[in-house]
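K.L.:
Pasting in a structure now, in structure tokens, and then I'll have a few things to ask.
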Amino acid sequence: MVDLPSNETAPAHPWENSPVLAVEHVFMRFGGLVAVNDLSFSVGRGDITALIGPNGAGKTTVFNCITGFYKPTQGMLRLEHASGATFLLERMPDFRISAKAKVARTFQNIRLFSGMTLLENLLVAQHNTLMLASGMTILGVLGLPAYRNAEKKAVERAKYWLDKTGLTARADDPAGDLPYGAQRRLEIARAMCTEPELLCLDEPAAGLNPRESAELNALLLGIRETEKTSILLIEHDMSVVMEISDHVIVLEYGTKIADGTPSEVRNDPRVIAAYLGVDDEEVEIVEEKLDQIIEGAAS
Amino acid sequence: MAAEGTANKHGPDIAAAVKDALLSGLVALALFGPLVGLRTEQNIRNELAIQQRWGLVAAIVGTIVVGRFLLLTLVWPAMAARKQHQSTIPDTGPSTLRQAVSRWFAPASVVFLFLYPVLIVSALGFQGSLKWVDNFGIQILIYVMLGWGLNIVVGLAGLLDLGYVAFYAVGAYSYALLSSHFGLSFWILLPMAGIFAALWGIMLGFPVLRLRGDYLAIVTLAFGEIIRLVLINWRDFTNGSTGISSIPKVTLFGIKFDASPDGFAKMFDLPISSAYYKIFLYYLILLLALLTAFVTIRLRKLPVGRAWEALREDEIACRSLGINTTNTKLTAFALGAMFAGFAGSFFAARQGFVSPESFTFMESAIIVAIVVLGGMGSMVGVALAAVAMIGGTELLRELDFLKTIFGDNFDPSQFRMLIFGLAMVAVMIWKPRGFVSSRDPTIFLSEKKVISGSLVKEGHG
């Protein structure tokens with residue numbers, strides 16, 4: 001395999017300084033298949049970072065490693081809160097990553113609690129806070145006011161997010177009754193109810209029409225502005241990626257092939273060849289550039 | 001257009017119906033001709049003789065032909081038309097009458113249950129009330145309580161537990177052994193039996209809850225059988241299949257229900273009757289069942305209850321939200337087991353005798369059937385299903401008049417399982433999600449809307 005010049009030689013980007021998440025030399029092997037191959041990148045604090053690449057490039061696998069659904073075969077995932085608390089995600093079980101390290105996620109194929117109302121969905125997301133307030137259930141069964149106050153607060157937070165996502169009118173409907181775009185928004189609202197430090201979105205714009213995906217952009221920018229939550233997202237919709245992200249990482253066959261600002265990545269010939277593609281008349285120009293890079297690396 | 005098309009398709013087409021009915025008759029003749037028409041019997045000389053019963057065959061085939069014809073020409077078109085009619089009128093939501101029924105049914109039935117012994121006694125007198133309070137009242141309420149307990153595990157948390165009777169057995173044997181060996185009172189042993197059962201629930205839960213769906217069901221089934229086999233074979237401890245007899249009865253603040261001078265009847269100057277004890281037991285199990293209901297209703301509105309339901313809906317999403325799914329499943333298992341333990345100790349005290357015979361897989365199956373039939377997660381539904389299943393069984397014993405029709409050898413309770421099976425198939429066709437298929441939300445912002453059962457998942461273990 002050709003050793004391409006790595007980005008370490010490139011000028012330092014702002015996200016290298018005190019990143020919220022640092023992924024270092026992560027490998028994920030399934031038997032003989034290497035799904036993620038020596039992947040390192042940083043997610044800047046307060047940035048919107050996009051992870052793109054062709055299907056099967058290992059994007060969702062990276063997400064599953066970050067959120068603890070897979071244990072990486074090798075490598076380190078360091079998460080640092082604004083407060084300075086540091087967590088090594090590869091050592092934590094999945095539910096603790098959400099509860100303690102404050103990483104929230106959504107799923108490529110929406111996973112809502114479809115038989116529960118929108119409000120209930122958002123209350124389940126605040127389980128750990130409410131569980132403490134209910135004195136591990138014992139005080140709650142007795143109906144003490146401490147728990148009732150905590151529940152009121154939780155409902156307030158749920159209302160806040162329902163407002164933000166434009167779902168207040170349907171708060172008492174079952175989540176399974178919502179149209180597709182609204183389900184996507186609800187999933188983001190539910191993840192945000194856990195008060196995450198890092199929000200991981202797996203293809204949030206998949207299946208959305210242009211108007212809905214513009215709304216999604218506004219919602220994500222709003223989350224970054226007001227909640228100071230860092231966002232890591234997987235996306236195929238380039239209008240979303242190029243418009244809102246500060247930092248783009250491109251994967252192919254589990255290997256990182258580009259890492260930079262959207263404009264840097266957009267003009268990278270390797271990314272164009274692997275993923276973005278160009279108009280027919282430009283193909284030769286790109287191929288030439290690519291050859292130069294490969295020759296340069298070989299010599 | 002579409003309506004016309006379907007109407008034509010389902011409309012009575014007499015010629016086709018006749019053809020179809022005759023064909024069914026032919027199939028029936030081929031099947032029942034040899035099976036029913038020819039019967040081998042020993043005659044007086046001990047020879048095998050063929051008895052021919054063509055009349056019976058003709059009756060069966062005739063019924064099938066006529067039945068099939070009526071189904072095709074009358075019943076099915078009528079049903080299709082009704083369906084058409086229902087789908088054309090917009091769904092205006094439940095009528096006010098239905099709303100009132102669902103609002104007041106539960107409180108009204110609780111009041112009725114408290115008045116039930118009074119009504120029975122005033123109608124039939126103390127002696128006549130025995131059967132109705134004991135066989136119907138107490139027996140049904142035990143299963144209501146077991147159903148509600150298992151409802152936490154199966155209905156709310158979505159974990160299929162086929163060995164629930166094991167915890168019932170733990171409760172029953174805890175009371176039986178501790179009261180007969182150490183003379184402890186029922187009121188101390190009732191919570192202890194619950195705690196023991198809950199501990200067993202946790203012990204079983206730890207290794208088993210990593211499993212999902214069918215695998216969990218099989219292992220819980222095995223656990224139920226293990227408990228029963230231990231009870232049979234550990235003779236020194238449990239007295240084997242002979243069981244434990246003369247288990248002390250329950251006392252009311254130390255007052256015994258017997259003919260002794262300081263017994264209940266003498267104390268209140270009442271004529272001696274065993275009905276007092278039965279009525280006392282009735283109220284005891286009623287209160288225990290209501291405790292189960294109260295705790296369940298309360299827990300559903302607490303984070304742990306919502307986590308159970310969320311677990312039933314989607315376990316992976318739960319973990320992504322920071323819920324410790326193992327602990328959540330264990331609490332459901334332990335709590336369900338605890339109520340079975342309470343019910344078990346009550347059962348032992350009521351029978352005065354326990355043996356492994358009472359804790360077979362059949363019991364587990366009946367309790368699961370009650371939960372499924374009632375509508376998973378619904379308290380009212382489970383209670384109704386318990387009344388239907390257990391009350392139905394008891395009613396079969398009352399159908400003595402059938403002997404005059406079918407002869408003296410006919411025992412309707414022998415047909416219990418057959419009728420159960422048919423009834424369950426019928427219910428599952430008409431009400432695939434059980435008697436009460438909708439789900440009540442635990443909290444609402446502006447308006448409480450009932451959630452249709454089609455959106456609620458059953459859980460995957």
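Following the order of the structure tokens, first chain is A, next is B, and so on, with residues numbered from 1 inside each chain and ligands from 1 in the order they appear.
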Which residues in stretch 90-257 of chain A does DSSP call strand (DSSP E)? List them as a list in words.

P.N.:
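Output for stretch 90-257 of chain A, strand (DSSP E) only: Val103, Ala104, Arg105, Leu198, Leu199, Cys200, Leu201, Asp202, Ser230, Ile231, Leu232, Leu233, Ile234, His247, Val248, Ile249, Val250, Leu251, Glu252, Thr255, Lys256 and Ile257 of chain A.
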
K.L.:
Quick check: residues of chain B within 9 Å of chain A, only C-alpha atoms, returned as a PDB file with N, CA, C and O atoms, in the first residue's frame.

P.N.:
```
ATOM      1  N   VAL B 295     -48.272  -0.678  43.565  1.00  0.00           N
ATOM      2  CA  VAL B 295     -46.831  -0.506  43.347  1.00  0.00           C
ATOM      3  C   VAL B 295     -46.534  -0.417  41.853  1.00  0.00           C
ATOM      4  O   VAL B 295     -45.757   0.425  41.413  1.00  0.00           O
ATOM      5  N   ARG B 298     -47.625   2.907  40.451  1.00  0.00           N
ATOM      6  CA  ARG B 298     -46.708   3.937  40.922  1.00  0.00           C
ATOM      7  C   ARG B 298     -45.372   3.867  40.183  1.00  0.00           C
ATOM      8  O   ARG B 298     -44.844   4.872  39.728  1.00  0.00           O
ATOM      9  N   LEU B 299     -44.854   2.647  40.043  1.00  0.00           N
ATOM     10  CA  LEU B 299     -43.528   2.499  39.425  1.00  0.00           C
ATOM     11  C   LEU B 299     -43.544   2.886  37.953  1.00  0.00           C
ATOM     12  O   LEU B 299     -42.548   3.368  37.432  1.00  0.00           O
ATOM     13  N   LEU B 302     -42.532   6.307  37.514  1.00  0.00           N
ATOM     14  CA  LEU B 302     -41.203   6.667  38.025  1.00  0.00           C
ATOM     15  C   LEU B 302     -40.170   6.322  36.950  1.00  0.00           C
ATOM     16  O   LEU B 302     -40.448   5.563  36.035  1.00  0.00           O
ATOM     17  N   PRO B 303     -38.976   6.890  37.088  1.00  0.00           N
ATOM     18  CA  PRO B 303     -37.962   6.621  36.057  1.00  0.00           C
ATOM     19  C   PRO B 303     -37.727   5.134  35.831  1.00  0.00           C
ATOM     20  O   PRO B 303     -37.550   4.710  34.688  1.00  0.00           O
ATOM     21  N   VAL B 304     -37.788   4.327  36.895  1.00  0.00           N
ATOM     22  CA  VAL B 304     -37.497   2.908  36.699  1.00  0.00           C
ATOM     23  C   VAL B 304     -38.563   2.255  35.822  1.00  0.00           C
ATOM     24  O   VAL B 304     -38.259   1.448  34.946  1.00  0.00           O
ATOM     25  N   ARG B 306     -40.450   3.782  33.551  1.00  0.00           N
ATOM     26  CA  ARG B 306     -40.291   4.253  32.168  1.00  0.00           C
ATOM     27  C   ARG B 306     -39.107   3.545  31.525  1.00  0.00           C
ATOM     28  O   ARG B 306     -39.139   3.231  30.332  1.00  0.00           O
ATOM     29  N   ALA B 307     -38.071   3.295  32.322  1.00  0.00           N
ATOM     30  CA  ALA B 307     -36.917   2.587  31.766  1.00  0.00           C
ATOM     31  C   ALA B 307     -37.310   1.166  31.368  1.00  0.00           C
ATOM     32  O   ALA B 307     -36.858   0.661  30.347  1.00  0.00           O
ATOM     33  N   GLU B 309     -40.238   0.170  30.284  1.00  0.00           N
ATOM     34  CA  GLU B 309     -40.973   0.223  29.029  1.00  0.00           C
ATOM     35  C   GLU B 309     -40.053   0.601  27.874  1.00  0.00           C
ATOM     36  O   GLU B 309     -40.203   0.104  26.761  1.00  0.00           O
ATOM     37  N   ALA B 310     -39.095   1.491  28.152  1.00  0.00           N
ATOM     38  CA  ALA B 310     -38.148   1.876  27.108  1.00  0.00           C
ATOM     39  C   ALA B 310     -37.321   0.658  26.695  1.00  0.00           C
ATOM     40  O   ALA B 310     -37.029   0.448  25.527  1.00  0.00           O
ATOM     41  N   LEU B 311     -37.011  -0.178  27.692  1.00  0.00           N
ATOM     42  CA  LEU B 311     -36.242  -1.395  27.431  1.00  0.00           C
ATOM     43  C   LEU B 311     -37.016  -2.331  26.518  1.00  0.00           C
ATOM     44  O   LEU B 311     -36.454  -2.960  25.620  1.00  0.00           O
ATOM     45  N   ARG B 312     -38.330  -2.411  26.754  1.00  0.00           N
ATOM     46  CA  ARG B 312     -39.179  -3.239  25.909  1.00  0.00           C
ATOM     47  C   ARG B 312     -39.205  -2.675  24.479  1.00  0.00           C
ATOM     48  O   ARG B 312     -39.212  -3.409  23.510  1.00  0.00           O
ATOM     49  N   GLU B 313     -39.165  -1.353  24.370  1.00  0.00           N
ATOM     50  CA  GLU B 313     -39.245  -0.729  23.052  1.00  0.00           C
ATOM     51  C   GLU B 313     -37.924  -0.870  22.297  1.00  0.00           C
ATOM     52  O   GLU B 313     -37.922  -1.198  21.123  1.00  0.00           O
ATOM     53  N   ASP B 314     -36.805  -0.543  22.936  1.00  0.00           N
ATOM     54  CA  ASP B 314     -35.527  -0.591  22.236  1.00  0.00           C
ATOM     55  C   ASP B 314     -34.380  -0.590  23.240  1.00  0.00           C
ATOM     56  O   ASP B 314     -34.088   0.430  23.859  1.00  0.00           O
ATOM     57  N   ILE B 316     -31.096  -1.050  22.725  1.00  0.00           N
ATOM     58  CA  ILE B 316     -29.873  -0.363  22.305  1.00  0.00           C
ATOM     59  C   ILE B 316     -30.005   1.144  22.532  1.00  0.00           C
ATOM     60  O   ILE B 316     -29.093   1.799  23.028  1.00  0.00           O
ATOM     61  N   ALA B 317     -31.187   1.682  22.197  1.00  0.00           N
ATOM     62  CA  ALA B 317     -31.412   3.103  22.438  1.00  0.00           C
ATOM     63  C   ALA B 317     -31.288   3.406  23.930  1.00  0.00           C
ATOM     64  O   ALA B 317     -30.742   4.432  24.328  1.00  0.00           O
ATOM     65  N   CYS B 318     -31.778   2.493  24.774  1.00  0.00           N
ATOM     66  CA  CYS B 318     -31.674   2.681  26.225  1.00  0.00           C
ATOM     67  C   CYS B 318     -30.227   2.831  26.640  1.00  0.00           C
ATOM     68  O   CYS B 318     -29.881   3.712  27.421  1.00  0.00           O
ATOM     69  N   ARG B 319     -29.376   1.948  26.097  1.00  0.00           N
ATOM     70  CA  ARG B 319     -27.969   1.996  26.496  1.00  0.00           C
ATOM     71  C   ARG B 319     -27.328   3.286  25.989  1.00  0.00           C
ATOM     72  O   ARG B 319     -26.470   3.855  26.654  1.00  0.00           O
ATOM     73  N   SER B 320     -27.767   3.754  24.825  1.00  0.00           N
ATOM     74  CA  SER B 320     -27.178   4.988  24.302  1.00  0.00           C
ATOM     75  C   SER B 320     -27.607   6.190  25.131  1.00  0.00           C
ATOM     76  O   SER B 320     -27.029   7.261  25.009  1.00  0.00           O
ATOM     77  N   LEU B 321     -28.634   6.015  25.973  1.00  0.00           N
ATOM     78  CA  LEU B 321     -29.080   7.125  26.810  1.00  0.00           C
ATOM     79  C   LEU B 321     -28.565   6.989  28.238  1.00  0.00           C
ATOM     80  O   LEU B 321     -29.027   7.668  29.144  1.00  0.00           O
ATOM     81  N   GLY B 322     -27.646   6.078  28.444  1.00  0.00           N
ATOM     82  CA  GLY B 322     -27.015   5.969  29.757  1.00  0.00           C
ATOM     83  C   GLY B 322     -27.786   5.140  30.762  1.00  0.00           C
ATOM     84  O   GLY B 322     -27.567   5.257  31.961  1.00  0.00           O
ATOM     85  N   ILE B 323     -28.723   4.309  30.291  1.00  0.00           N
ATOM     86  CA  ILE B 323     -29.467   3.466  31.223  1.00  0.00           C
ATOM     87  C   ILE B 323     -28.732   2.145  31.390  1.00  0.00           C
ATOM     88  O   ILE B 323     -28.390   1.495  30.406  1.00  0.00           O
ATOM     89  N   ASN B 324     -28.498   1.774  32.636  1.00  0.00           N
ATOM     90  CA  ASN B 324     -27.854   0.489  32.912  1.00  0.00           C
ATOM     91  C   ASN B 324     -28.892  -0.603  32.716  1.00  0.00           C
ATOM     92  O   ASN B 324     -29.720  -0.861  33.583  1.00  0.00           O
ATOM     93  N   THR B 325     -28.853  -1.244  31.551  1.00  0.00           N
ATOM     94  CA  THR B 325     -29.938  -2.164  31.212  1.00  0.00           C
ATOM     95  C   THR B 325     -29.928  -3.409  32.096  1.00  0.00           C
ATOM     96  O   THR B 325     -30.980  -3.937  32.404  1.00  0.00           O
ATOM     97  N   ARG B 439     -52.095   1.396  25.154  1.00  0.00           N
ATOM     98  CA  ARG B 439     -51.203   1.714  26.273  1.00  0.00           C
ATOM     99  C   ARG B 439     -51.529   3.110  26.766  1.00  0.00           C
ATOM    100  O   ARG B 439     -51.742   4.015  25.972  1.00  0.00           O
ATOM    101  N   PRO B 441     -50.287   6.484  28.369  1.00  0.00           N
ATOM    102  CA  PRO B 441     -49.018   7.169  28.631  1.00  0.00           C
ATOM    103  C   PRO B 441     -48.877   7.477  30.126  1.00  0.00           C
ATOM    104  O   PRO B 441     -49.873   7.653  30.828  1.00  0.00           O
ATOM    105  N   THR B 442     -47.641   7.524  30.602  1.00  0.00           N
ATOM    106  CA  THR B 442     -47.423   7.715  32.031  1.00  0.00           C
ATOM    107  C   THR B 442     -47.454   9.180  32.419  1.00  0.00           C
ATOM    108  O   THR B 442     -47.538   9.508  33.593  1.00  0.00           O
ATOM    109  N   ILE B 443     -47.333  10.070  31.436  1.00  0.00           N
ATOM    110  CA  ILE B 443     -47.315  11.495  31.731  1.00  0.00           C
ATOM    111  C   ILE B 443     -47.774  12.214  30.474  1.00  0.00           C
ATOM    112  O   ILE B 443     -47.668  11.680  29.379  1.00  0.00           O
ATOM    113  N   PHE B 444     -48.358  13.400  30.634  1.00  0.00           N
ATOM    114  CA  PHE B 444     -48.777  14.138  29.443  1.00  0.00           C
ATOM    115  C   PHE B 444     -48.661  15.627  29.696  1.00  0.00           C
ATOM    116  O   PHE B 444     -48.707  16.084  30.831  1.00  0.00           O
ATOM    117  N   LEU B 445     -48.505  16.375  28.609  1.00  0.00           N
ATOM    118  CA  LEU B 445     -48.377  17.831  28.722  1.00  0.00           C
ATOM    119  C   LEU B 445     -49.746  18.487  28.744  1.00  0.00           C
ATOM    120  O   LEU B 445     -50.089  19.216  29.655  1.00  0.00           O
ATOM    121  N   SER B 446     -50.538  18.220  27.686  1.00  0.00           N
ATOM    122  CA  SER B 446     -51.818  18.922  27.588  1.00  0.00           C
ATOM    123  C   SER B 446     -53.000  17.965  27.553  1.00  0.00           C
ATOM    124  O   SER B 446     -54.045  18.243  28.106  1.00  0.00           O
ATOM    125  N   GLU B 447     -52.823  16.816  26.922  1.00  0.00           N
ATOM    126  CA  GLU B 447     -53.968  15.935  26.740  1.00  0.00           C
ATOM    127  C   GLU B 447     -53.494  14.491  26.780  1.00  0.00           C
ATOM    128  O   GLU B 447     -52.504  14.138  26.142  1.00  0.00           O
ATOM    129  N   LYS B 448     -54.231  13.664  27.532  1.00  0.00           N
ATOM    130  CA  LYS B 448     -53.843  12.262  27.621  1.00  0.00           C
ATOM    131  C   LYS B 448     -54.433  11.509  26.440  1.00  0.00           C
ATOM    132  O   LYS B 448     -55.644  11.420  26.304  1.00  0.00           O
ATOM    133  N   LYS B 449     -53.574  11.017  25.575  1.00  0.00           N
ATOM    134  CA  LYS B 449     -54.046  10.256  24.426  1.00  0.00           C
ATOM    135  C   LYS B 449     -53.628   8.809  24.592  1.00  0.00           C
ATOM    136  O   LYS B 449     -52.473   8.529  24.885  1.00  0.00           O
ATOM    137  N   VAL B 450     -54.596   7.911  24.372  1.00  0.00           N
ATOM    138  CA  VAL B 450     -54.281   6.488  24.489  1.00  0.00           C
ATOM    139  C   VAL B 450     -53.467   6.068  23.261  1.00  0.00           C
ATOM    140  O   VAL B 450     -53.749   6.492  22.145  1.00  0.00           O
ATOM    141  N   ILE B 451     -52.431   5.264  23.508  1.00  0.00           N
ATOM    142  CA  ILE B 451     -51.534   4.870  22.422  1.00  0.00           C
ATOM    143  C   ILE B 451     -51.972   3.532  21.858  1.00  0.00           C
ATOM    144  O   ILE B 451     -52.181   2.573  22.600  1.00  0.00           O
ATOM    145  N   SER B 452     -52.121   3.479  20.561  1.00  0.00           N
ATOM    146  CA  SER B 452     -52.579   2.248  19.921  1.00  0.00           C
ATOM    147  C   SER B 452     -51.549   1.137  20.086  1.00  0.00           C
ATOM    148  O   SER B 452     -50.342   1.383  20.039  1.00  0.00           O
ATOM    149  N   GLY B 453     -52.058  -0.079  20.304  1.00  0.00           N
ATOM    150  CA  GLY B 453     -51.169  -1.198  20.557  1.00  0.00           C
ATOM    151  C   GLY B 453     -50.260  -1.528  19.390  1.00  0.00           C
ATOM    152  O   GLY B 453     -49.210  -2.144  19.565  1.00  0.00           O
ATOM    153  N   SER B 454     -50.641  -1.084  18.189  1.00  0.00           N
ATOM    154  CA  SER B 454     -49.832  -1.454  17.030  1.00  0.00           C
ATOM    155  C   SER B 454     -48.461  -0.795  17.076  1.00  0.00           C
ATOM    156  O   SER B 454     -47.530  -1.263  16.433  1.00  0.00           O
ATOM    157  N   LEU B 455     -48.337   0.302  17.833  1.00  0.00           N
ATOM    158  CA  LEU B 455     -47.043   0.982  17.913  1.00  0.00           C
ATOM    159  C   LEU B 455     -46.189   0.431  19.047  1.00  0.00           C
ATOM    160  O   LEU B 455     -44.973   0.567  19.056  1.00  0.00           O
ATOM    161  N   VAL B 456     -46.861  -0.172  20.046  1.00  0.00           N
ATOM    162  CA  VAL B 456     -46.135  -0.637  21.227  1.00  0.00           C
ATOM    163  C   VAL B 456     -45.473  -1.961  20.909  1.00  0.00           C
ATOM    164  O   VAL B 456     -46.104  -2.870  20.382  1.00  0.00           O
ATOM    165  N   LYS B 457     -44.207  -2.086  21.228  1.00  0.00           N
ATOM    166  CA  LYS B 457     -43.494  -3.325  20.926  1.00  0.00           C
ATOM    167  C   LYS B 457     -43.687  -4.340  22.045  1.00  0.00           C
ATOM    168  O   LYS B 457     -44.035  -3.983  23.160  1.00  0.00           O
TER     169      LYS B 457
END
```

K.L.:
Please list as an mmCIF file with N, CA and C atoms, in the first residue's frame every residue within 9 Å of stretch 196-205 of chain B, counting only C-alpha atoms and excluding residues in the same chain fewer than 6 positions away.

P.N.:
```
data_model
loop_
_atom_site.group_PDB
_atom_site.id
_atom_site.type_symbol
_atom_site.label_atom_id
_atom_site.label_comp_id
_atom_site.auth_asym_id
_atom_site.auth_seq_id
_atom_site.Cartn_x
_atom_site.Cartn_y
_atom_site.Cartn_z
ATOM 1 N N ALA B 166 -41.583 -20.765 39.559
ATOM 2 C CA ALA B 166 -40.491 -21.097 40.468
ATOM 3 C C ALA B 166 -40.484 -20.144 41.665
ATOM 4 N N PHE B 167 -40.729 -18.871 41.405
ATOM 5 C CA PHE B 167 -40.706 -17.892 42.495
ATOM 6 C C PHE B 167 -41.921 -18.051 43.404
ATOM 7 N N TYR B 168 -43.026 -18.451 42.785
ATOM 8 C CA TYR B 168 -44.245 -18.778 43.537
ATOM 9 C C TYR B 168 -43.923 -19.946 44.474
ATOM 10 N N ALA B 169 -43.198 -20.930 43.954
ATOM 11 C CA ALA B 169 -42.815 -22.093 44.765
ATOM 12 C C ALA B 169 -41.870 -21.681 45.887
ATOM 13 N N VAL B 170 -40.918 -20.802 45.580
ATOM 14 C CA VAL B 170 -39.986 -20.355 46.619
ATOM 15 C C VAL B 170 -40.767 -19.701 47.749
ATOM 16 N N GLY B 171 -41.726 -18.840 47.394
ATOM 17 C CA GLY B 171 -42.543 -18.180 48.416
ATOM 18 C C GLY B 171 -43.322 -19.189 49.238
ATOM 19 N N SER B 174 -40.989 -21.286 51.414
ATOM 20 C CA SER B 174 -40.422 -20.463 52.487
ATOM 21 C C SER B 174 -41.397 -20.417 53.652
ATOM 22 N N THR B 220 -35.362 -19.606 31.436
ATOM 23 C CA THR B 220 -36.267 -19.420 32.570
ATOM 24 C C THR B 220 -37.152 -20.646 32.744
ATOM 25 N N PHE B 223 -35.183 -23.119 34.527
ATOM 26 C CA PHE B 223 -35.052 -22.753 35.939
ATOM 27 C C PHE B 223 -36.289 -23.193 36.718
ATOM 28 N N THR B 326 -28.743 -3.855 32.503
ATOM 29 C CA THR B 326 -28.693 -5.043 33.358
ATOM 30 C C THR B 326 -29.427 -4.781 34.675
ATOM 31 N N LYS B 329 -33.203 -4.526 34.122
ATOM 32 C CA LYS B 329 -33.840 -5.837 33.960
ATOM 33 C C LYS B 329 -33.914 -6.567 35.298
ATOM 34 N N LEU B 330 -32.830 -6.470 36.084
ATOM 35 C CA LEU B 330 -32.812 -7.173 37.373
ATOM 36 C C LEU B 330 -33.899 -6.653 38.296
ATOM 37 N N THR B 331 -34.112 -5.322 38.312
ATOM 38 C CA THR B 331 -35.163 -4.807 39.189
ATOM 39 C C THR B 331 -36.513 -5.358 38.764
ATOM 40 N N PHE B 333 -37.100 -8.194 37.213
ATOM 41 C CA PHE B 333 -37.116 -9.619 37.574
ATOM 42 C C PHE B 333 -37.343 -9.798 39.072
ATOM 43 N N ALA B 334 -36.592 -9.023 39.863
ATOM 44 C CA ALA B 334 -36.670 -9.168 41.321
ATOM 45 C C ALA B 334 -38.043 -8.763 41.827
ATOM 46 N N LEU B 335 -38.582 -7.680 41.273
ATOM 47 C CA LEU B 335 -39.876 -7.202 41.748
ATOM 48 C C LEU B 335 -40.980 -8.176 41.374
ATOM 49 N N GLY B 336 -40.935 -8.667 40.128
ATOM 50 C CA GLY B 336 -41.921 -9.652 39.705
ATOM 51 C C GLY B 336 -41.847 -10.884 40.597
ATOM 52 N N ALA B 337 -40.610 -11.330 40.876
ATOM 53 C CA ALA B 337 -40.411 -12.510 41.726
ATOM 54 C C ALA B 337 -40.934 -12.257 43.133
ATOM 55 N N MET B 338 -40.738 -11.036 43.623
ATOM 56 C CA MET B 338 -41.174 -10.726 44.988
ATOM 57 C C MET B 338 -42.687 -10.896 45.113
ATOM 58 N N PHE B 339 -43.431 -10.394 44.135
ATOM 59 C CA PHE B 339 -44.890 -10.526 44.232
ATOM 60 C C PHE B 339 -45.300 -11.990 44.123
ATOM 61 N N ALA B 340 -44.573 -12.765 43.308
ATOM 62 C CA ALA B 340 -44.859 -14.199 43.251
ATOM 63 C C ALA B 340 -44.584 -14.833 44.608
ATOM 64 N N GLY B 341 -43.532 -14.361 45.302
ATOM 65 C CA GLY B 341 -43.217 -14.881 46.633
ATOM 66 C C GLY B 341 -44.329 -14.590 47.620
ATOM 67 N N PHE B 342 -44.849 -13.356 47.582
ATOM 68 C CA PHE B 342 -45.998 -13.015 48.444
ATOM 69 C C PHE B 342 -47.157 -13.956 48.160
#
```

K.L.:
What separation in Å, quoted to one decimal, exists between atom CA of B:Phe32 and atom CA of B:Gly62?

P.N.:
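These atoms are spaced 11.7 Å apart.
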
K.L.:
Of the candidates A:Glu252, A:Asp237, A:Glu282, A:Asp246, which one gets nearest to A:His13 if we count only C-alpha atoms?

P.N.:
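Of the candidates, the smallest distance to A:His13 is held by A:Asp246.
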